[in-house]
Structures are given as structure tokens and as C-alpha cells.
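The block underneath contains the structure these notes are about, expressed in C-alpha cells.
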Amino acid sequence: MDRILFGDNQFFAINHMSEEKARQQAIQFAELDAVVSTLASARRAGVNVFMCTTHERVTEIAQIVRSHPDEWKDFEFYPCMPYAHKYANAVTEFGYFDALKRFLPSGGFVDTALRGGKALIGRDVEGLATLLIDAEMKAFEGLRTPYVFMQNIVTDLLLGLGYDDAFRIFADHVKRKYDAEPGFITMNLPALLPVLDSVGIRQPVVCANVNKIGFRMSGGIEAYRDATSRWPARIIAMSVLASGAIPPAEAIKWVVEEPYVQSILFGASSERNIRNTVDLIRQFDRGQALAA
């Protein structure tokens with residue numbers, strides 16, 4: 001896995017600290033060209049991984065990359081699914097069963113299940129889940145997707161419900177069907193790691209908030225250190241700047257010194273900020289290497 005990953009929050013007006021900044025980003029990235037230009041800036045800075053939701057707009061980005069293979073050579077997508085708002089909006093507009101029909105391929109199991117209603121679907125949760133994964137992955141056909149992630153809204157819901165086998169179902173299907181490593185995004189790393197271990201998922205790839213002030217880190221910094229020492233995992237640190245609450249140099253110096261952090265995920269709206277963040281990560285990585 002690459003050390004530095006580029007995220008998509010800024011493209012979809014998501015900012016956990018500032019509604020005004022989110023509004024400005026919505027205006028900035030109203031046109032798809034602005035999104036693609038920013039991704040090109042990340043590539044010029046040496047970042048070749050786009051960790052993204054399965055938002056409808058990402059489908060358009062994927063098509064652009066697919067249509068220009070030489071220009072986007074070695075570029076990788078790390079899809080994160082499901083994009084919950086897409087499903088929620090469809091359920092609101094069409095109802096549960098008609099929403100499923102819109103997202104799943106017609107014929108066979110799906111038509112039979114939907115005719116039989118909830119009881120039949122309940123008897124084949126695994127079949128329905130894998131079909132939903134396939135529907136989400138269709139946008140990335142022919143592209144490099146070495147890691148596929150379960151979004152935190154689902155990860156943490158399943159964790160709370162105690163439906164631990166769902167993690168195994170997801171992991172097995174991603175490995176078998178897409179020859180990819182399964183990953184999990186969570187807001188509760190200390191609770192997730194032992195559960196993944198219990199269903200046979202060892203050394204998992206997990207993306208979680210990791211930052212100097214413990215912003216949105218369930219249980220706090222020490223709980224994350226303890227959990228990763230007991231159940232080793234490959235951790236992707238996100239929200240390292242705590243949505244702007246920590247100065248970049250201070251935030252990045254701290255996070256690269258956390259021994260369990262394998263990769264750093266960040267988002268930025270300008271080429272200057274992208275380059276500054278990448279340069280800081282590389283600078284402090286070099287410092288760590290020299291110190292060792």
C-alpha cells in the first residue's frame with residue numbers, strides 16, 4: 001500500500017469543522033473539470049491513489065481515467081462502499097424494494113427475492129450483500145482497485161449489531177471476485193480489531209481517525225495504541241489535521257511517529273496545499289528514518 005493516499009471529502013462538500021468551508025468547496029467543485037484537475041495536481045505531487053466513495057460523480061471520474069489510460073497510467077482507486085446517501089435517497093423516493101431493483105441487476109436471484117419479499121431476502125443475506133458489492137464495483141471495471149473498503153457507516157452499524165460474519169462475507173467476496181484486499185473504515189478502531197480477528201481476518205487494513213488531539217478517536221489515543229499492539233493491523237490514518245484544528249507540520253510530525261500508522265489519507269482543494277502536505281509527510285518520514 002502506498003504511504004500517501006488522496007481522499008475525496010473536499011469534492012463533496014464534507015468538512016467536519018466548518019460548514020462555511022464545506023459550502024465554498026461545493027462551489028469550487030461544482031464542475032467535474034475542477035475535480036479532475038485537482039486529482040491531476042495530486043498525481044504531479046507523486047500521489048497515485050484516490051480513496052473514494054462510490055458517489056455518482058466518482059463514476060464519471062472513473063470513466064475519464066478509463067478513457068485516457070496513458071495519461072492516468074498506474075493510477076489506483078480504493079473504492080469505499082456503500083455511499084449511504086445514494087441508497088437513502090433512493091429508498092425515500094422509491095421505497096425499499098424498488099430501490100433495490102434500481103441498484104441490482106435484473107433476473108435470477110434478485111427478481112425471485114423481490115417477488116418473495118423480506119422473508120426470502122432474509123434467508124440469503126450473503127447473496128444479496130455480494131450482489132450489492134458487485135453493483136458498486138461496476139463503475140471501476142477495468143481500473144486498478146487493489147483495495148476495496150467497507151464504509152464506516154456500515155462497519156460501525158454491523159459492529160453495534162454484533163453481525164460479525166458480515167465482515168467475513170465482505171472480505172471473502174472482495175478477495176475472490178476482485179483479487180483485492182478488503183479494508184474497513186471505522187470510528188471505533190479498538191472495538192473493531194478484536195472482532196475482525198475473531199472471524200479470521202488477520203492483519204486487516206483499517207482506516208480510522210488518527211490525530212494528535214484524539215479528534216473522533218473512540219476511546220482516545222492510548223486505546224488505539226493498545227488495540228494495535230494486541231491485534232496488529234495495517235492502519236490508514238485519516239483526519240490527521242483534525243479538520244484544521246492542528247497546524248499541518250505539528251499534526252503530520254506526530255502522526256508519522258505513531259508506529260502502527262502505515263499510510264496517511266488526506267484531502268486538499270488546491271495544488272499548493274497538496275504539495276505542502278506531501279512534502280511534510282516526506283520530510284518527517286525522512287527524519288524518522290534517520291533517527292532509526
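The way I read the labels, and the way they are meant: chains A, B, ... in the order of the C-alpha cells, residue 1 as the first residue of every chain, and ligand 1 as the first ligand shown, with later ones counted on from there.
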Legend entry - Ser37 of chain A surroundings by only C-alpha atoms, 12 Å radius, close-in-sequence under 2 positions cut, as a list in words: Phe11, Gln28, Phe29, Glu31, Leu32, Asp33, Ala34, Val35, Leu39, Ala40, Ser41, Ala42, Arg43, Arg44, Ile61, Ile64, Ser269, Ser270 and Glu271 of chain A
Legend entry - Test item: residues at most 10 Å from Asp74 of chain A, only C-alpha atoms, excluding those fewer than 3 positions along its chain, as a PyMOL selection string: chain A and resi 48-49+69-71+77+143-144
Inset, instruction - Between A:Ala139, A:Val256, A:Ile264, A:Ile169, single out the one closest to Arg286 of chain A, counting only C-alpha atoms. - result: A:Val256
Inset, instruction - Would you kindly return, as an MDAnalysis selection string, each protein, DNA or RNA residue with an atom no farther than 9 Å from any atom of segment 215-219 of chain A, considering only C-alpha atoms and excluding same-chain residues fewer than 4 positions away? - result: chainID A and resid 187:191 208:211 223:224 239:240 242:243
Inset, instruction - Would you mind telling me which residue in A:Pro259, A:Gly214, A:Gly220, A:Gly142 lies nearest to Ile246 of chain A when using only C-alpha atoms? - result: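 Among A:Pro259, A:Gly214, A:Gly220, A:Gly142, it is A:Gly214 that comes nearest to Ile246 of chain A.
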Inset, instruction - Point out the residue among A:Arg202, A:Arg225, A:Arg282, A:Arg272 with the least atom-to-atom distance to Ala249 of chain A, counting only C-alpha atoms. - result: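 Comparing A:Arg202, A:Arg225, A:Arg282, A:Arg272 against Ala249 of chain A, the winner is A:Arg282.
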